[in-house]
Each structure stands twice: as structure tokens, then as C-alpha cells.
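Down below is the structure, laid out as C-alpha cells.
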Amino acid sequence: MSEVYAARRTRLREYCNAGGSAAALVSRPANVRYLAGAAPHGAVLLLGKTEDLLVCAGPTADRPTQERPDEALRVQTLPGAGGGDPAVAAAGLAARQGADSLAVEEHHLTVARHRALGSVAPRLRLANLGGAVEQLRVVKDEEEISCLRIGAEIADQALGELLESILVGRTERHLALELERRLVDHGADGPAFPTSVATGPNAGRPGHRPTDRRVEEGDFLSVCLGATYRGYRCEIGRTFVIGTAPADWQVELYDLVFAAQRAGRESLVPGAACRDVDRAARQVLDSAGYTEGLTALTGHGVGLEIDEDPQLSPAAMGKLDACVPVTVEPGVHLPGRGGVRIDDTLVVRPEADGGPELLTITTKELLAL
């Protein structure tokens, strides 16, 4: 992986040099990990004029082997119990290396921290690095996609085991905790985000936080979970009916959301406009009269964070590239009755390679559990 990290840093350095900055300070944790491997909490990466450094407030020896930083990087550990602020220390190191300008991630730094950088190196011109690293992260290499694929397998396995257990009478909160435990049992670093379990009138509500409501016969049950594997995060969402055969209105609503999700998935081709993918799914729901109350977007990128670029929304700019993993997650929620959400993680692939690669494979058939 050292070669991979080095190539990523080279691309960022070329971007900075083109913008007139001799050095760069990367402080956003996901971006540090992308460029330097797994790093201690609070570590920053200095792309220096003469040497690249990972600056940490504390020792790294207690981290597991597979979670160590890039071995090709020199690690600079700050002295003292508290260690000080690695970003401030990195700015001073950049100045001592002879850099006259330093590109920083202004969207991540607080105002106070930005001022501290200027104080420690007053002759250093601070420029805005912007979202340069986030843009580098959009297209994944096959090693990154492999991590996402394994995470998806773990999430599928955890969800499949839950569906084989008795659900009636158990609370949303209990089921969510059990799913998160199963993720870890099967090899995940942890959940990719707080697991959502929603029953009855809560089902299909985006971002629902589990409550003490108990699962009842005839409920819709919607579940959204994800696994983190070696830092990479995937997402899956499914909706089921509890106990008995689904009612006619449940079948009709489920089939509608399934059709919308399928339309979105089939639109995932290299070169497709992000807004067109959103439109493909949204039009299915709009035409059935569900214009009001739809979520702001149909999907989003995933990777080292669960919500990355690109955004699949009506106002989204840009087009999809091959090897970009995204979610497609349309849904409808009917207040007081519940609803349906179906959510998959896929990788954009050209038609010659078989089209979009589905990572989350748990059945999308409307099961009565």
C-alpha cells in the first residue's frame, strides 16, 4: 500500500504546486487516512517542501499492525503529556523546511486553530486547499472497492441472521443493538453509522432513531445499517412485513419504491449526470403522486465516510465516473401508517464490465417475517 499512498500524495502535491503552494497541511481525519493510512486520533499530514511528515500528539505503538500509518512516512510525535496541537506544530515544521506558503483545509479548521497556524509561522502564507482531497477520493481503486465489498458481505450476513430470529415483541432499540453486535462479530471495525430500525408508523422514515416501540404483527419493518471494514463504509436498507401476508396497500407501496430503486440502479453508468440518476428514481414516485415528502436526494457516495461525493440529488452537478461507489435509496413514508425504504451500495461500472456492481445482495423481495 505504500506505493498507493505515495501516488496519492504526489497527485495532491501536483495540485498544490499548480496553485502556488509549496506545502500542504491535511487535517480532516478521513483525508489523512486516505493519504497516509490509518493514523492516531488527531494526527495531521504535512506535505512538506523537503519531506512529508505524519504529525501526532501521542505514540502510535498501541495500534494493531494492519492499522498502522504508511510505513514510508516519518512520524513526528510531539513531546509532553498533552502533546500540543499537531496542526500548529506542522505549520512550524513547514516554515522550518523553507516553505513560503501552506495550503490548509479551511473547511475543517476552526477559526481559532487557523489563527494559531498564522501565529506560529507568521511569514507563512496560508492558502485554502478546499475539497481537493475529497475530489481525489471520489474514484476508488480496486483495493478500496474490495474493502467495501467485504463490508457489504458483513452487513448482509448480520441482516440475514436477524431475519431468522423472532422479531415480534422486540423493541427497535434492541434490534438495532443486536445488529451492531453482529456486525462486529463478523469482522467489522464497527457500524458505518448509527443503525436504524423502524417499525409500524416509523417504518420508512429516513434517519429514524430507534425507539422503545415494539414490533407488532402486520407492521412494516425497515432496517438501515452498514459495516465499516478497514475504514471503508457501506450501506444497506431493506423493508419487510411482520407476521402475516402483507396488506394490499403495503404490496402496492413496496412495488412502487422497488420500481424507483431499480430505475435509479439502472441509471448508474459512467458519464451519467448525477441529477439524472436522481430524476430516474424520483419520477417513478412523482408519477404515483408522492411528490411531497420525498427525501432531498436519491443517493450519495460512500468510502472512508458514509456520505461522500457525488450526491445524487435534483441540484447535483457533475457526472459519474467508473469505479465510483454510491447508494441508491429511494423511499416513501406515509405519516401515521409507515413506509418503505430500499437501499443498496453499488459501484459504477461500464456496460462492457457488466454494468453497475451490486455490493449488498440481501433479497429485495417483500418478505413476511
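Residue numbering restarts at 1 for every chain of the C-alpha cells, chains are lettered A, B, ... in their displayed order, and ligands are numbered from 1 as they appear.
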
Quick one: DSSP helix (DSSP H, G or I) residues in stretch 136-220 of chain A, as a ChimeraX atom specification?
/A:136-137,142-163,172-185,200-202

Find the residues around stretch 19-32 of chain A up to 8 Å (only C-alpha atoms counted), leave out those fewer than 3 positions away in its own chain, and share them as a PyMOL selection string.
chain A and resi 13+15-16+35-39+41-49+87+90-91+94+99-105+108-109+127+129+133-134+304-305

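Compared by their closest atoms to A:Arg205, and using only C-alpha atoms, the residues A:Ala89, A:Leu334, A:Ala245, A:Leu167 rank with A:Leu334 nearest.
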
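For A:Tyr290, the set of protein, DNA and RNA residues having any atom at most 12 Å away, when counting only C-alpha atoms and skipping those fewer than 2 positions along the same chain, is Leu253, Leu256, Val257, Ala260, Ala281, Arg282, Gln283, Val284, Leu285, Asp286, Ser287, Ala288, Glu292, Gly293, Leu294, Thr295, Pro330, Gly331, Val332, His333, Leu334 and Gly339 of chain A.
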
Tell me which protein, DNA and RNA residues are within 8 Å of stretch 178-186 of chain A, counting only C-alpha atoms, leaving out same-chain ones fewer than 3 positions away, and put them as a PyMOL selection string.
chain A and resi 154-155+157-159+162+174-175+189-191+195+225+227

Can you list, as a CSV table (one decimal) with N, CA, C and O atoms, in the first residue's frame, every residue of stretch 191-324 of chain A that DSSP puts in strand (DSSP E)?
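The result, stored in result.csv:
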chain,number,residue,atom,x,y,z
A,191,PRO,N,-20.1,-0.3,13.3
A,191,PRO,CA,-21.1,0.1,12.4
A,191,PRO,C,-20.6,1.3,11.6
A,191,PRO,O,-19.8,2.1,12.0
A,196,SER,N,-30.4,2.1,12.0
A,196,SER,CA,-31.8,2.5,12.1
A,196,SER,C,-32.7,1.3,12.0
A,196,SER,O,-32.6,0.5,11.0
A,197,VAL,N,-33.6,1.1,12.9
A,197,VAL,CA,-34.6,0.1,12.9
A,197,VAL,C,-35.9,0.8,13.2
A,197,VAL,O,-36.1,1.5,14.2
A,198,ALA,N,-36.9,0.7,12.3
A,198,ALA,CA,-38.1,1.4,12.4
A,198,ALA,C,-39.3,0.5,12.1
A,198,ALA,O,-39.3,-0.3,11.1
A,199,THR,N,-40.3,0.5,13.0
A,199,THR,CA,-41.5,-0.4,12.8
A,199,THR,C,-42.8,0.4,12.8
A,199,THR,O,-42.8,1.6,13.3
A,220,PHE,N,-44.9,-2.9,9.0
A,220,PHE,CA,-43.7,-2.7,8.1
A,220,PHE,C,-42.5,-2.6,9.1
A,220,PHE,O,-42.6,-2.0,10.1
A,221,LEU,N,-41.4,-3.3,8.7
A,221,LEU,CA,-40.2,-3.1,9.5
A,221,LEU,C,-39.1,-2.7,8.5
A,221,LEU,O,-38.8,-3.4,7.5
A,222,SER,N,-38.6,-1.5,8.7
A,222,SER,CA,-37.5,-1.0,7.8
A,222,SER,C,-36.2,-0.9,8.6
A,222,SER,O,-36.2,-0.5,9.7
A,223,VAL,N,-35.1,-1.4,8.0
A,223,VAL,CA,-33.8,-1.5,8.6
A,223,VAL,C,-32.8,-0.9,7.7
A,223,VAL,O,-32.8,-1.1,6.5
A,224,CYS,N,-31.9,0.0,8.3
A,224,CYS,CA,-30.8,0.6,7.5
A,224,CYS,C,-29.6,0.4,8.4
A,224,CYS,O,-29.5,0.9,9.5
A,225,LEU,N,-28.6,-0.3,7.8
A,225,LEU,CA,-27.3,-0.5,8.6
A,225,LEU,C,-26.2,-0.5,7.6
A,225,LEU,O,-26.3,-0.5,6.4
A,227,ALA,N,-21.6,-1.6,7.6
A,227,ALA,CA,-20.4,-2.0,8.2
A,227,ALA,C,-19.2,-1.2,7.8
A,227,ALA,O,-19.2,-0.7,6.7
A,228,THR,N,-18.3,-1.0,8.8
A,228,THR,CA,-17.0,-0.4,8.4
A,228,THR,C,-16.0,-1.5,8.4
A,228,THR,O,-15.9,-2.2,9.4
A,229,TYR,N,-15.2,-1.6,7.3
A,229,TYR,CA,-14.2,-2.6,7.2
A,229,TYR,C,-12.9,-1.9,6.7
A,229,TYR,O,-12.9,-1.3,5.7
A,232,TYR,N,-13.5,1.6,5.5
A,232,TYR,CA,-14.4,1.9,4.4
A,232,TYR,C,-15.8,1.4,4.8
A,232,TYR,O,-16.1,0.4,5.4
A,233,ARG,N,-16.8,2.3,4.4
A,233,ARG,CA,-18.2,2.2,5.0
A,233,ARG,C,-19.2,1.9,3.8
A,233,ARG,O,-19.2,2.6,2.8
A,236,ILE,N,-26.8,-0.6,3.6
A,236,ILE,CA,-27.9,-1.4,3.1
A,236,ILE,C,-29.1,-1.1,3.8
A,236,ILE,O,-29.1,-0.8,5.0
A,237,GLY,N,-30.3,-1.0,3.1
A,237,GLY,CA,-31.6,-0.8,3.7
A,237,GLY,C,-32.6,-1.7,3.1
A,237,GLY,O,-32.6,-1.9,1.9
A,238,ARG,N,-33.4,-2.3,3.9
A,238,ARG,CA,-34.5,-3.2,3.5
A,238,ARG,C,-35.8,-3.0,4.3
A,238,ARG,O,-35.7,-2.5,5.4
A,239,THR,N,-36.9,-3.3,3.7
A,239,THR,CA,-38.2,-3.2,4.4
A,239,THR,C,-38.9,-4.6,4.3
A,239,THR,O,-38.9,-5.2,3.2
A,240,PHE,N,-39.5,-5.0,5.4
A,240,PHE,CA,-40.2,-6.3,5.4
A,240,PHE,C,-41.6,-6.1,6.1
A,240,PHE,O,-41.9,-5.0,6.6
A,241,VAL,N,-42.4,-7.1,6.0
A,241,VAL,CA,-43.7,-7.1,6.7
A,241,VAL,C,-43.6,-8.2,7.8
A,241,VAL,O,-43.0,-9.2,7.6
A,299,GLY,N,-29.4,9.3,-3.4
A,299,GLY,CA,-28.2,8.5,-3.0
A,299,GLY,C,-27.0,9.4,-2.9
A,299,GLY,O,-27.1,10.6,-3.1
A,300,HIS,N,-25.9,8.8,-2.5
A,300,HIS,CA,-24.6,9.5,-2.3
A,300,HIS,C,-23.5,8.6,-2.4
A,300,HIS,O,-23.6,7.3,-2.3
A,301,GLY,N,-22.3,9.1,-2.5
A,301,GLY,CA,-21.1,8.3,-2.5
A,301,GLY,C,-20.8,7.8,-1.1
A,301,GLY,O,-21.2,8.3,-0.1
A,308,GLU,N,-20.3,10.8,1.1
A,308,GLU,CA,-19.3,11.4,0.3
A,308,GLU,C,-19.9,11.9,-1.0
A,308,GLU,O,-21.0,11.7,-1.3
A,309,ASP,N,-19.0,12.7,-1.7
A,309,ASP,CA,-19.4,13.0,-3.1
A,309,ASP,C,-19.3,11.7,-3.9
A,309,ASP,O,-18.4,10.8,-3.6
A,310,PRO,N,-20.1,11.5,-5.0
A,310,PRO,CA,-21.1,12.5,-5.5
A,310,PRO,C,-22.4,12.4,-4.8
A,310,PRO,O,-22.7,11.4,-4.1
A,311,GLN,N,-23.2,13.5,-4.9
A,311,GLN,CA,-24.5,13.5,-4.3
A,311,GLN,C,-25.5,13.3,-5.5
A,311,GLN,O,-25.4,13.9,-6.5
A,312,LEU,N,-26.4,12.4,-5.3
A,312,LEU,CA,-27.5,12.1,-6.4
A,312,LEU,C,-28.7,12.8,-5.9
A,312,LEU,O,-29.6,12.3,-5.2

Given only C-alpha atoms as the counted atoms, nearest of A:Ile361, A:Asn128, A:Ser165, A:Arg265 to A:His107
A:Asn128

Counting only C-alpha atoms, figure out which residue out of A:Gly338, A:Pro356, A:Gly58, A:Gly160 gets nearest to A:Gln250.
A:Gly338

What is the atom CA of A:Gln261-atom CA of A:Leu346 distance in Å, reported with one decimal?
11.9 Å

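Pairwise distance (atom CA of A:Gln76, atom CA of A:Cys56) equals 6.2 Å.
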
Near-A:Glu329 list (6 Å; only C-alpha atoms; drop same-chain fewer than 6 positions) as a PyMOL selection string:
chain A and resi 298-299+342-343

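If only C-alpha atoms are the atoms counted, then among A:Leu136, A:Leu320, A:Leu163, A:Ala192 the closest residue to A:Cys274 is A:Leu320.
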
Need to verify the contact set: stretch 171-173 of chain A, 6 Å, only C-alpha atoms, exclusion of same-chain residues closer than 6 positions in sequence. Can you return it as an NGL selection string?
:A and (197 or 210-214)

Which residues, written as a VMD selection string, have at least one atom at most 8 Å from A:Val168, with only C-alpha atoms counted and residues fewer than 5 positions away on the same chain left out?
chain A and resid 214 to 217 242 to 243

Have a look at A:Val138, A:Ala263, A:Ala203, A:Leu177 and name the one nearest to A:Gly303; count only C-alpha atoms.
A:Val138

Please indicate the distance in Å from atom CA of A:Pro69 to atom CA of A:Arg9, rounded to one decimal place.
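Computed distance, atom CA of A:Pro69 to atom CA of A:Arg9, equals 13.7 Å.
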